[in-house]
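File shown here: target_39.csv, holding CSV, C-alpha atoms and all ligand atoms.
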```csv
chain,number,residue,atom,x,y,z
A,1,MET,CA,21.3,-2.4,-16.1
A,2,LEU,CA,19.9,-2.9,-19.6
A,3,GLU,CA,19.9,-6.7,-19.8
A,4,PRO,CA,16.8,-8.7,-18.7
A,5,ILE,CA,17.2,-10.9,-15.6
A,6,LYS,CA,16.3,-14.5,-15.8
A,7,ILE,CA,14.1,-15.5,-12.9
A,8,LYS,CA,13.5,-19.1,-14.0
A,9,GLU,CA,13.3,-21.0,-17.2
A,10,ASP,CA,11.1,-19.0,-19.6
A,11,LEU,CA,10.6,-16.1,-17.2
A,12,PHE,CA,12.5,-12.9,-17.4
A,13,TYR,CA,12.4,-9.7,-15.4
A,14,VAL,CA,12.4,-6.6,-17.6
A,15,GLY,CA,11.2,-4.0,-15.0
A,16,VAL,CA,13.1,-0.9,-13.8
A,17,ASN,CA,14.0,0.9,-10.6
A,18,ASP,CA,13.0,4.5,-10.1
A,19,ARG,CA,15.6,6.2,-7.9
A,20,THR,CA,14.6,9.7,-9.0
A,21,LYS,CA,10.9,10.3,-8.2
A,22,GLU,CA,10.3,12.1,-4.9
A,23,LEU,CA,6.6,11.3,-4.5
A,24,PHE,CA,4.6,8.3,-5.7
A,25,GLU,CA,1.3,9.5,-7.1
A,26,ASN,CA,2.8,12.9,-6.3
A,27,LEU,CA,1.8,12.2,-2.7
A,28,TRP,CA,3.8,9.6,-1.0
A,29,PRO,CA,7.5,9.9,-0.2
A,30,LEU,CA,10.0,7.5,-1.9
A,31,PRO,CA,13.2,7.7,0.2
A,32,LYS,CA,14.1,4.2,-1.0
A,33,GLY,CA,12.7,4.7,-4.5
A,34,VAL,CA,10.3,2.2,-6.1
A,35,SER,CA,10.4,-0.4,-8.8
A,36,TYR,CA,8.0,-0.9,-11.7
A,37,ASN,CA,8.1,-4.6,-12.4
A,38,SER,CA,7.4,-6.1,-15.8
A,39,TYR,CA,8.0,-9.8,-16.8
A,40,VAL,CA,8.4,-11.7,-20.0
A,41,LEU,CA,7.2,-15.3,-20.3
A,42,LYS,CA,8.6,-17.1,-23.4
A,43,ASP,CA,6.7,-20.1,-24.8
A,44,GLU,CA,5.4,-20.9,-28.3
A,45,LYS,CA,3.7,-17.6,-27.8
A,46,THR,CA,5.5,-14.8,-25.9
A,47,VAL,CA,3.8,-12.7,-23.3
A,48,LEU,CA,4.7,-9.4,-21.5
A,49,PHE,CA,3.0,-8.8,-18.2
A,50,ASP,CA,2.4,-5.0,-17.7
A,51,THR,CA,4.8,-2.2,-18.8
A,52,VAL,CA,6.5,0.5,-16.8
A,53,ASP,CA,6.2,4.2,-16.1
A,54,ILE,CA,6.8,6.3,-19.3
A,55,CYS,CA,9.9,7.9,-17.8
A,56,TYR,CA,11.7,4.5,-18.1
A,57,SER,CA,10.3,3.3,-21.4
A,58,ASP,CA,13.7,3.5,-23.2
A,59,VAL,CA,15.5,1.2,-20.7
A,60,PHE,CA,12.4,-1.1,-20.5
A,61,LEU,CA,12.1,-1.5,-24.3
A,62,GLN,CA,15.8,-2.3,-24.6
A,63,LYS,CA,15.5,-5.1,-21.9
A,64,LEU,CA,12.3,-6.4,-23.6
A,65,GLU,CA,14.0,-6.6,-27.0
A,66,THR,CA,17.0,-8.5,-25.5
A,67,ALA,CA,14.7,-10.9,-23.6
A,68,LEU,CA,12.7,-11.7,-26.8
A,69,ASP,CA,15.9,-12.4,-28.6
A,70,GLY,CA,14.4,-12.1,-32.1
A,71,LYS,CA,11.0,-13.7,-31.3
A,72,PRO,CA,7.9,-11.6,-31.9
A,73,LEU,CA,5.9,-10.3,-29.0
A,74,ASP,CA,2.4,-11.9,-29.1
A,75,TYR,CA,0.6,-10.6,-26.1
A,76,VAL,CA,0.9,-7.9,-23.5
A,77,ILE,CA,-1.3,-8.6,-20.5
A,78,ILE,CA,-2.5,-5.6,-18.6
A,79,ASN,CA,-3.2,-6.5,-15.1
A,80,HIS,CA,-3.5,-2.9,-14.0
A,81,MET,CA,-3.9,0.3,-16.0
A,82,GLU,CA,-2.5,2.9,-13.5
A,83,PRO,CA,0.2,4.7,-15.6
A,84,ASP,CA,3.0,3.6,-13.3
A,85,HIS,CA,2.4,0.2,-15.2
A,86,SER,CA,0.6,1.1,-18.4
A,87,GLY,CA,2.7,4.2,-19.1
A,88,SER,CA,4.8,2.6,-21.9
A,89,LEU,CA,1.8,0.9,-23.6
A,90,GLY,CA,1.5,3.4,-26.4
A,91,LEU,CA,5.2,3.2,-27.2
A,92,LEU,CA,5.1,-0.6,-26.9
A,93,ARG,CA,2.4,-0.8,-29.5
A,94,SER,CA,4.4,1.5,-31.8
A,95,ARG,CA,7.4,-0.8,-31.5
A,96,TYR,CA,5.4,-4.0,-31.7
A,97,PRO,CA,2.4,-3.2,-33.9
A,98,ASN,CA,1.1,-6.7,-34.0
A,99,VAL,CA,1.1,-7.3,-30.2
A,100,GLU,CA,-2.3,-8.1,-28.9
A,101,ILE,CA,-3.3,-6.2,-25.7
A,102,VAL,CA,-5.1,-8.5,-23.2
A,103,GLY,CA,-7.4,-7.2,-20.5
A,104,ASN,CA,-11.0,-7.2,-19.4
A,105,LYS,CA,-13.9,-4.9,-20.5
A,106,ARG,CA,-12.9,-2.1,-18.1
A,107,THR,CA,-9.2,-2.4,-19.2
A,108,ALA,CA,-10.3,-2.0,-22.9
A,109,ASP,CA,-12.2,1.2,-22.0
A,110,MET,CA,-9.1,2.7,-20.3
A,111,VAL,CA,-6.7,1.6,-23.0
A,112,GLN,CA,-8.8,3.6,-25.4
A,113,GLY,CA,-9.2,6.6,-23.0
A,114,PHE,CA,-5.5,6.8,-22.0
A,115,TYR,CA,-3.8,5.7,-25.2
A,116,GLY,CA,-6.4,5.9,-28.0
A,117,ILE,CA,-5.9,2.2,-28.9
A,118,THR,CA,-8.9,0.2,-30.0
A,119,ASP,CA,-7.5,-2.4,-32.3
A,120,ARG,CA,-6.0,-5.8,-31.5
A,121,VAL,CA,-7.4,-5.6,-27.9
A,122,LYS,CA,-8.4,-9.0,-26.7
A,123,VAL,CA,-11.1,-8.8,-24.0
A,124,ILE,CA,-11.1,-11.7,-21.6
A,125,ALA,CA,-13.7,-12.6,-18.9
A,126,ASP,CA,-13.1,-13.8,-15.3
A,127,GLY,CA,-11.8,-17.3,-15.3
A,128,GLU,CA,-11.0,-17.4,-19.0
A,129,GLU,CA,-7.9,-19.3,-20.1
A,130,LEU,CA,-5.1,-18.5,-22.6
A,131,SER,CA,-2.8,-21.2,-23.8
A,132,LEU,CA,0.7,-20.2,-24.8
A,133,GLY,CA,2.0,-23.7,-25.6
A,134,LYS,CA,3.5,-25.3,-22.6
A,135,HIS,CA,2.1,-22.6,-20.3
A,136,LYS,CA,-1.6,-22.1,-19.7
A,137,LEU,CA,-2.8,-18.8,-18.2
A,138,VAL,CA,-6.0,-18.1,-16.2
A,139,PHE,CA,-7.3,-14.7,-15.6
A,140,TYR,CA,-8.8,-13.7,-12.3
A,141,LEU,CA,-10.7,-10.4,-12.1
A,142,THR,CA,-9.9,-8.6,-8.8
A,143,PRO,CA,-11.6,-5.2,-9.1
A,144,MET,CA,-10.5,-2.4,-6.8
A,145,VAL,CA,-7.1,-4.0,-5.9
A,146,HIS,CA,-6.5,-1.1,-6.7
A,147,TRP,CA,-8.6,0.2,-9.6
A,148,PRO,CA,-11.9,-1.2,-11.1
A,149,GLU,CA,-10.1,-3.0,-14.0
A,150,THR,CA,-7.4,-4.7,-11.8
A,151,MET,CA,-7.0,-8.4,-12.4
A,152,MET,CA,-4.4,-11.1,-11.8
A,153,THR,CA,-3.0,-13.7,-14.1
A,154,TYR,CA,-2.1,-17.2,-13.0
A,155,ASP,CA,0.3,-19.5,-14.9
A,156,THR,CA,-1.1,-22.9,-14.1
A,157,THR,CA,2.0,-24.6,-15.4
A,158,ASP,CA,4.7,-23.1,-13.2
A,159,LYS,CA,2.2,-21.8,-10.5
A,160,ILE,CA,3.1,-18.2,-10.9
A,161,LEU,CA,0.7,-15.4,-9.9
A,162,PHE,CA,1.2,-12.1,-11.6
A,163,SER,CA,-0.6,-10.1,-9.0
A,164,GLY,CA,-0.5,-6.4,-10.1
A,165,ASP,CA,-0.2,-4.0,-7.2
A,166,ALA,CA,-1.1,-6.7,-4.6
A,167,PHE,CA,1.8,-7.8,-2.4
A,168,GLY,CA,3.9,-5.0,-3.8
A,169,THR,CA,6.2,-2.7,-1.8
A,170,PHE,CA,7.8,0.7,-2.0
A,171,GLY,CA,11.6,0.5,-2.3
A,172,THR,CA,13.8,-0.4,-5.3
A,173,ILE,CA,15.1,-3.9,-5.8
A,174,ASP,CA,18.8,-3.7,-5.4
A,175,GLY,CA,20.9,-6.4,-7.2
A,176,GLY,CA,18.6,-9.4,-6.5
A,177,ILE,CA,15.1,-9.7,-7.8
A,178,THR,CA,13.7,-12.4,-5.6
A,179,ASP,CA,13.2,-12.7,-1.9
A,180,ALA,CA,15.9,-15.4,-1.9
A,181,GLN,CA,18.4,-12.9,-3.2
A,182,LEU,CA,17.5,-10.1,-0.8
A,183,HIS,CA,16.7,-9.5,2.8
A,184,PRO,CA,12.9,-9.6,2.6
A,185,GLU,CA,12.4,-8.1,6.1
A,186,ARG,CA,13.6,-4.8,4.6
A,187,TYR,CA,10.4,-4.7,2.6
A,188,TYR,CA,7.7,-5.5,5.1
A,189,ASP,CA,7.2,-2.0,6.4
A,190,GLU,CA,7.3,-0.6,2.9
A,191,MET,CA,4.7,-3.1,1.9
A,192,ILE,CA,2.4,-1.9,4.7
A,193,ARG,CA,3.1,1.7,3.8
A,194,TYR,CA,2.2,1.0,0.1
A,195,TYR,CA,-0.9,-0.8,1.1
A,196,SER,CA,-2.1,1.9,3.7
A,197,ASN,CA,-1.3,4.8,1.4
A,198,VAL,CA,-2.5,3.4,-2.0
A,199,VAL,CA,-4.8,0.5,-1.5
A,200,GLY,CA,-6.0,1.1,2.1
A,201,LYS,CA,-9.5,2.1,1.2
A,202,PHE,CA,-10.3,-1.2,-0.5
A,203,GLY,CA,-10.3,-3.7,2.4
A,204,SER,CA,-13.4,-5.5,1.2
A,205,PRO,CA,-12.3,-6.0,-2.4
A,206,VAL,CA,-8.9,-7.2,-1.2
A,207,GLN,CA,-10.6,-9.7,1.0
A,208,ALA,CA,-12.8,-10.8,-1.9
A,209,ALA,CA,-9.6,-11.3,-4.0
A,210,LEU,CA,-7.9,-13.3,-1.3
A,211,ARG,CA,-10.9,-15.6,-1.1
A,212,LYS,CA,-10.9,-16.0,-4.9
A,213,LEU,CA,-7.2,-17.0,-4.9
A,214,ALA,CA,-7.3,-19.1,-1.7
A,215,ASN,CA,-7.2,-22.5,-3.5
A,216,LEU,CA,-4.4,-21.7,-5.9
A,217,ASP,CA,-1.1,-23.4,-5.5
A,218,ILE,CA,1.2,-20.4,-5.7
A,219,LYS,CA,5.0,-20.9,-6.0
A,220,TYR,CA,5.8,-17.5,-7.3
A,221,ILE,CA,4.2,-14.1,-6.8
A,222,CYS,CA,5.3,-11.6,-9.4
A,223,SER,CA,4.0,-8.2,-8.2
A,224,THR,CA,4.4,-4.9,-10.0
A,225,HIS,CA,6.4,-3.4,-7.2
A,226,GLY,CA,9.2,-4.8,-5.0
A,227,PRO,CA,10.7,-8.3,-4.8
A,228,THR,CA,9.4,-11.4,-6.5
A,229,TRP,CA,8.2,-13.7,-3.8
A,230,THR,CA,9.4,-17.3,-4.2
A,231,LEU,CA,10.1,-18.7,-0.7
A,232,PRO,CA,7.1,-20.6,0.8
A,233,ASP,CA,7.5,-18.9,4.1
A,234,GLN,CA,7.7,-15.5,2.4
A,235,ILE,CA,4.6,-16.2,0.3
A,236,GLN,CA,2.7,-17.1,3.4
A,237,LYS,CA,4.0,-14.0,5.1
A,238,VAL,CA,3.0,-11.5,2.5
A,239,VAL,CA,-0.4,-13.1,2.0
A,240,SER,CA,-1.0,-12.9,5.8
A,241,ILE,CA,0.1,-9.2,5.8
A,242,TYR,CA,-2.5,-8.5,3.2
A,243,ASP,CA,-5.1,-10.5,5.0
A,244,LYS,CA,-4.5,-8.7,8.2
A,245,LEU,CA,-4.4,-5.2,6.7
A,246,SER,CA,-7.5,-5.7,4.6
A,247,LYS,CA,-9.4,-6.8,7.7
A,248,TYR,CA,-8.1,-3.7,9.5
A,249,GLU,CA,-6.6,-5.8,12.2
A,250,GLY,CA,-3.9,-4.1,14.2
A,251,ASP,CA,-1.2,-5.3,16.7
A,252,GLU,CA,-1.0,-4.2,20.3
A,253,GLY,CA,0.4,-0.7,20.2
A,254,VAL,CA,-0.6,3.0,20.1
A,255,VAL,CA,0.0,5.7,17.6
A,256,ILE,CA,-0.2,9.2,19.1
A,257,ALA,CA,-0.5,11.7,16.3
A,258,TYR,CA,-0.5,15.3,17.4
A,259,GLY,CA,-0.2,18.8,16.2
A,260,SER,CA,1.5,21.4,18.4
A,261,MET,CA,2.5,25.1,17.7
A,262,TYR,CA,4.4,25.9,20.9
A,263,GLY,CA,4.7,22.6,22.7
A,264,HIS,CA,1.7,22.6,25.0
A,265,THR,CA,-0.2,20.0,23.1
A,266,GLU,CA,3.0,18.0,22.6
A,267,GLN,CA,3.5,17.9,26.4
A,268,MET,CA,0.1,16.2,26.6
A,269,ALA,CA,1.2,13.6,24.0
A,270,GLU,CA,4.4,13.0,26.0
A,271,THR,CA,2.5,12.4,29.2
A,272,VAL,CA,0.0,10.0,27.6
A,273,ALA,CA,2.9,8.1,26.0
A,274,TYR,CA,4.8,7.9,29.3
A,275,GLU,CA,1.8,6.3,31.0
A,276,LEU,CA,1.3,3.8,28.2
A,277,ALA,CA,4.9,2.6,28.7
A,278,GLN,CA,4.4,2.6,32.5
A,279,GLN,CA,1.5,0.3,31.9
A,280,GLY,CA,3.5,-2.1,29.8
A,281,ILE,CA,2.7,-1.1,26.2
A,282,ARG,CA,5.9,-1.4,24.3
A,283,GLU,CA,4.8,-0.1,20.9
A,284,VAL,CA,4.1,3.5,21.4
A,285,ILE,CA,4.8,5.7,18.4
A,286,LEU,CA,4.5,9.5,18.6
A,287,HIS,CA,4.1,11.4,15.3
A,288,ASN,CA,4.2,15.2,15.1
A,289,VAL,CA,1.8,15.7,12.2
A,290,SER,CA,3.6,18.8,11.0
A,291,LYS,CA,6.9,17.1,10.8
A,292,ARG,CA,6.2,13.6,9.7
A,293,SER,CA,4.8,12.8,6.3
A,294,HIS,CA,1.2,11.4,6.7
A,295,SER,CA,2.4,8.5,4.6
A,296,TYR,CA,4.2,7.0,7.6
A,297,ILE,CA,1.5,8.0,10.1
A,298,LEU,CA,-1.0,6.1,8.1
A,299,ARG,CA,1.3,3.1,7.9
A,300,ASP,CA,1.5,3.0,11.7
A,301,ILE,CA,-2.2,3.5,12.1
A,302,PHE,CA,-2.7,0.4,10.0
A,303,LYS,CA,-0.2,-1.5,12.1
A,304,TYR,CA,-1.5,-0.8,15.6
A,305,ARG,CA,-5.0,-1.0,17.3
A,306,GLY,CA,-4.6,2.1,19.5
A,307,LEU,CA,-4.9,5.6,18.1
A,308,ILE,CA,-4.7,8.8,20.1
A,309,VAL,CA,-5.0,12.2,18.4
A,310,GLY,CA,-4.2,15.5,19.9
A,311,SER,CA,-4.7,19.0,18.5
A,312,PRO,CA,-4.6,22.7,19.4
A,313,THR,CA,-7.6,24.8,18.4
A,314,TYR,CA,-6.7,26.9,15.3
A,315,ASN,CA,-9.0,29.5,13.8
A,316,ASN,CA,-11.8,28.0,15.9
A,317,LYS,CA,-11.2,24.7,14.2
A,318,LEU,CA,-8.8,21.7,14.4
A,319,TYR,CA,-5.2,22.4,13.7
A,320,PRO,CA,-5.0,22.1,9.8
A,321,GLU,CA,-2.5,19.3,9.6
A,322,VAL,CA,-4.5,17.2,12.1
A,323,GLU,CA,-7.7,17.8,10.1
A,324,TYR,CA,-5.9,16.7,7.0
A,325,LEU,CA,-4.8,13.5,8.6
A,326,LEU,CA,-8.3,12.8,9.9
A,327,SER,CA,-9.6,13.1,6.3
A,328,LYS,CA,-7.1,10.6,5.2
A,329,ILE,CA,-8.1,8.1,7.9
A,330,GLU,CA,-11.8,8.6,7.1
A,331,SER,CA,-11.3,8.1,3.4
A,332,ARG,CA,-9.7,4.8,4.0
A,333,ASP,CA,-12.8,3.5,5.8
A,334,MET,CA,-10.5,2.7,8.8
A,335,LYS,CA,-12.1,0.3,11.3
A,336,ASN,CA,-11.5,-1.5,14.5
A,337,ARG,CA,-9.4,1.1,16.3
A,338,TYR,CA,-9.5,2.1,20.0
A,339,PHE,CA,-9.5,5.9,20.0
A,340,GLY,CA,-8.5,8.5,22.5
A,341,TYR,CA,-8.2,12.2,22.1
A,342,PHE,CA,-7.0,15.4,23.7
A,343,GLY,CA,-6.8,19.1,22.7
A,344,SER,CA,-5.9,22.6,23.7
A,345,PHE,CA,-7.1,26.2,23.2
A,346,THR,CA,-6.2,29.7,24.3
A,347,TRP,CA,-9.5,31.6,24.4
A,348,ALA,CA,-12.2,29.3,22.9
A,349,GLY,CA,-11.9,25.5,22.5
A,350,ALA,CA,-12.9,23.8,19.3
A,351,ALA,CA,-10.4,20.9,18.8
A,352,VAL,CA,-11.8,18.5,21.3
A,353,LYS,CA,-15.4,18.9,20.0
A,354,ARG,CA,-14.2,18.2,16.5
A,355,LEU,CA,-12.3,15.1,17.6
A,356,ALA,CA,-15.4,13.9,19.4
A,357,GLN,CA,-17.4,14.3,16.2
A,358,PHE,CA,-14.7,12.5,14.2
A,359,ALA,CA,-14.8,9.5,16.6
A,360,GLU,CA,-18.6,9.3,16.1
A,361,ASP,CA,-18.3,9.6,12.3
A,362,VAL,CA,-15.8,6.8,12.0
A,363,LYS,CA,-17.4,4.6,14.7
A,364,PHE,CA,-14.1,4.0,16.6
A,365,GLU,CA,-14.4,2.8,20.2
A,366,VAL,CA,-13.7,5.8,22.4
A,367,ILE,CA,-11.3,5.0,25.3
A,368,GLY,CA,-11.0,7.1,28.4
A,369,GLU,CA,-12.0,10.7,28.9
A,370,PRO,CA,-10.8,13.3,26.5
A,371,VAL,CA,-8.5,15.9,28.0
A,372,GLU,CA,-8.8,19.6,27.2
A,373,VAL,CA,-6.1,22.1,28.3
A,374,LYS,CA,-6.6,25.9,28.4
A,375,GLN,CA,-3.3,27.7,27.6
A,376,SER,CA,-0.9,25.4,29.4
A,377,MET,CA,-1.1,22.1,31.3
A,378,THR,CA,-2.0,22.2,35.0
A,379,HIS,CA,-1.2,19.4,37.4
A,380,ASP,CA,-4.8,18.2,37.1
A,381,ASN,CA,-4.5,18.1,33.3
A,382,TYR,CA,-1.3,16.1,33.8
A,383,LYS,CA,-3.2,13.5,35.8
A,384,GLN,CA,-6.0,13.4,33.2
A,385,CYS,CA,-3.4,12.6,30.5
A,386,LEU,CA,-2.1,9.8,32.7
A,387,GLN,CA,-5.6,8.5,33.1
A,388,LEU,CA,-6.1,8.6,29.3
A,389,GLY,CA,-2.9,6.6,28.8
A,390,LYS,CA,-3.9,4.1,31.4
A,391,ALA,CA,-7.4,3.6,30.0
A,392,MET,CA,-5.9,2.9,26.5
A,393,ALA,CA,-3.4,0.5,28.0
A,394,ASP,CA,-6.1,-1.3,30.0
A,395,ARG,CA,-8.2,-1.7,26.8
A,396,LEU,CA,-5.4,-3.1,24.8
A,397,LYS,CA,-4.4,-5.5,27.5
A,398,GLN,CA,-7.9,-6.9,27.6
A,399,ASP,CA,-7.2,-8.4,24.2
A,400,ARG,CA,-4.1,-10.3,25.3
A,501,LIG,FE1,1.3,0.5,-8.9
A,501,LIG,FE2,-2.1,1.2,-8.7
A,501,LIG,O1,-0.4,1.2,-9.4
```
Using structure tokens, write down the structure that the file contains.
Ligand code: FEO
Amino acid sequence: MLEPIKIKEDLFYVGVNDRTKELFENLWPLPKGVSYNSYVLKDEKTVLFDTVDICYSDVFLQKLETALDGKPLDYVIINHMEPDHSGSLGLLRSRYPNVEIVGNKRTADMVQGFYGITDRVKVIADGEELSLGKHKLVFYLTPMVHWPETMMTYDTTDKILFSGDAFGTFGTIDGGITDAQLHPERYYDEMIRYYSNVVGKFGSPVQAALRKLANLDIKYICSTHGPTWTLPDQIQKVVSIYDKLSKYEGDEGVVIAYGSMYGHTEQMAETVAYELAQQGIREVILHNVSKRSHSYILRDIFKYRGLIVGSPTYNNKLYPEVEYLLSKIESRDMKNRYFGYFGSFTWAGAAVKRLAQFAEDVKFEVIGEPVEVKQSMTHDNYKQCLQLGKAMADRLKQDR
């Protein structure tokens, strides 16, 4: 649709849905697409909040022009410079040569680096205000949510937080724009996946941002991805999701992520899972690392406190896809996980040793005894897998 969508008096949605791209950041699957949200606030001065991916600049600029309805564009506020949001900035400046680009010192550096723009860039500081007429904006610098220049802008008049990536989700917004017009439950898992894949490393900066925003009265959250949050219970919900994820707090449940070439390691995973269920753990999620995109495995690792990893030995190392997953967990500074592990080999075992090293490196609490199988599972190995499952269940149940 080429027309802007009115969210409330003065506020218009001029973002776009991307139903084409396969991988976000060329890494993370987009089976339900993604939206790049952009908003126009019309007052004595007009403001655009962020732009969209360059692939959608034409549709975006048409919407913007209609939303402005003949008024000039005074400011574009850049809450985040990643090109899924700043991509159309160069074209915007060509179309609106007088528009002033508003960002912080780090934004200005990136505006120059990415788009070669140095003129009419207004550099603001943390806490600085900008009056538009009726509306007064305040800028909150929130570095590393998700890049160093990221900031949020708060409209003190209508209590709207323009939050950048924060509280955003994968998935297009279909028909409705706000949570009141959609089924918001559809987006929670995609919010967790977005967070764990894209922002997951930055738990401490997210906590710092949440503390900074804690006393704001927020009636609307306009994120750069996914629905606009307007319902009080939904605003509370998405803030609590972010709080929990950034503290690395997981729910009761276990992710069993395993690699398996011919099914022997998979049988160990099945046995551990069986015992977890026998012991009353209802959330048990098995992921074959070769088949399931790591995007979803990371999402579930962020959701649940228990993690059990299994791997065959391959070229005297860990199975490559398991090693790759471990590097993704490690690079997100994952914390507070109960960790179990098992592995297999045919003539010389290396997988279990490497998993032990991983547990030490990331400082996870190791649960139970690791199980190592030579060639195929014996009855004793079967019992060891049951014991591993029981040990994990017992540890989780201590937290009830
Ligand atoms: Fe949606 Fe960090 O970009």
Quick one: distance from atom CA of A:Gly168 to atom CA of A:Ser223 in Å, one decimal?
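Value for the atom CA of A:Gly168-atom CA of A:Ser223 distance: 5.4 Å.
Residues of protein or nucleic acid lying within 9 Å of ligand LIG 501 (chain A), counting all atoms listed in the file, are Glu25, Tyr36, His80, Met81, Glu82, Pro83, Asp84, His85, Val145, His146, Trp147, Thr150, Gly164, Asp165, Ala166, Gly168, Val198, Val199, Thr224 and His225 of chain A.
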Within 10 Å of (-10.2, -8.0, -23.4), all atoms listed in the file: residues as a compact mmCIF listing (two decimals) with C-alpha atoms, in the coordinates of the input?
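Result file is part30.txt:
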```txt
# COMPACT_ATOMS: atom_id res chain seq x y z
CA ILE A 77 -1.30 -8.60 -20.50
CA ILE A 78 -2.50 -5.60 -18.60
CA GLU A 100 -2.30 -8.10 -28.90
CA ILE A 101 -3.30 -6.20 -25.70
CA VAL A 102 -5.10 -8.50 -23.20
CA GLY A 103 -7.40 -7.20 -20.50
CA ASN A 104 -11.00 -7.20 -19.40
CA LYS A 105 -13.90 -4.90 -20.50
CA ARG A 106 -12.90 -2.10 -18.10
CA THR A 107 -9.20 -2.40 -19.20
CA ALA A 108 -10.30 -2.00 -22.90
CA ASP A 109 -12.20 1.20 -22.00
CA ARG A 120 -6.00 -5.80 -31.50
CA VAL A 121 -7.40 -5.60 -27.90
CA LYS A 122 -8.40 -9.00 -26.70
CA VAL A 123 -11.10 -8.80 -24.00
CA ILE A 124 -11.10 -11.70 -21.60
CA ALA A 125 -13.70 -12.60 -18.90
```
Write out as a PDB file with C-alpha atoms, in the frame of the given file which residues come within 7 Å of A:Leu132 when counting all atoms listed in the file, dropping same-chain ones fewer than 2 positions away.
```pdb
ATOM      1  CA  ASP A  43       6.700 -20.100 -24.800  1.00  0.00           C
ATOM      2  CA  GLU A  44       5.400 -20.900 -28.300  1.00  0.00           C
ATOM      3  CA  LYS A  45       3.700 -17.600 -27.800  1.00  0.00           C
ATOM      4  CA  LEU A 130      -5.100 -18.500 -22.600  1.00  0.00           C
ATOM      5  CA  LYS A 134       3.500 -25.300 -22.600  1.00  0.00           C
ATOM      6  CA  HIS A 135       2.100 -22.600 -20.300  1.00  0.00           C
ATOM      7  CA  LYS A 136      -1.600 -22.100 -19.700  1.00  0.00           C
TER       8      LYS A 136
END
```
Up to 8 Å from (-1.5, -24.0, -15.5) in the file's coordinates: name the residues, counting only C-alpha atoms, as a list of chain:residue names.
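Here is the list of nearby residues: A:His135, A:Lys136, A:Leu137, A:Val138, A:Tyr154, A:Asp155, A:Thr156, A:Thr157, A:Asp158, A:Lys159.
Every protein, DNA or RNA residue with an atom at most 10 Å from A:Ile281, where all atoms listed in the file count and chain neighbours fewer than 5 positions away do not, is listed here: Glu252, Gly253, Val254, Ala273, Tyr274, Glu275, Leu276, Gly389, Lys390, Met392, Ala393, Asp394, Leu396 and Lys397 of chain A.
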From the list A:His287, A:Leu182, A:Gln384, A:Phe202, the nearest residue to A:Arg332 using all atoms listed in the file is A:Phe202
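The spacing separating atom CA of A:Ser246 from atom CA of A:Gly200 amounts to 7.4 Å.
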For the atom pair atom CA of A:Thr346 and atom CA of A:Cys385, what is the interatomic distance in Å to one decimal place?
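Computing it gives 18.4 Å between the two atoms.
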Which residue out of A:Lys247, A:Lys317, A:Lys63, A:His183 has the minimum interatomic distance to A:Tyr13 when only C-alpha atoms are used?
A:Lys63
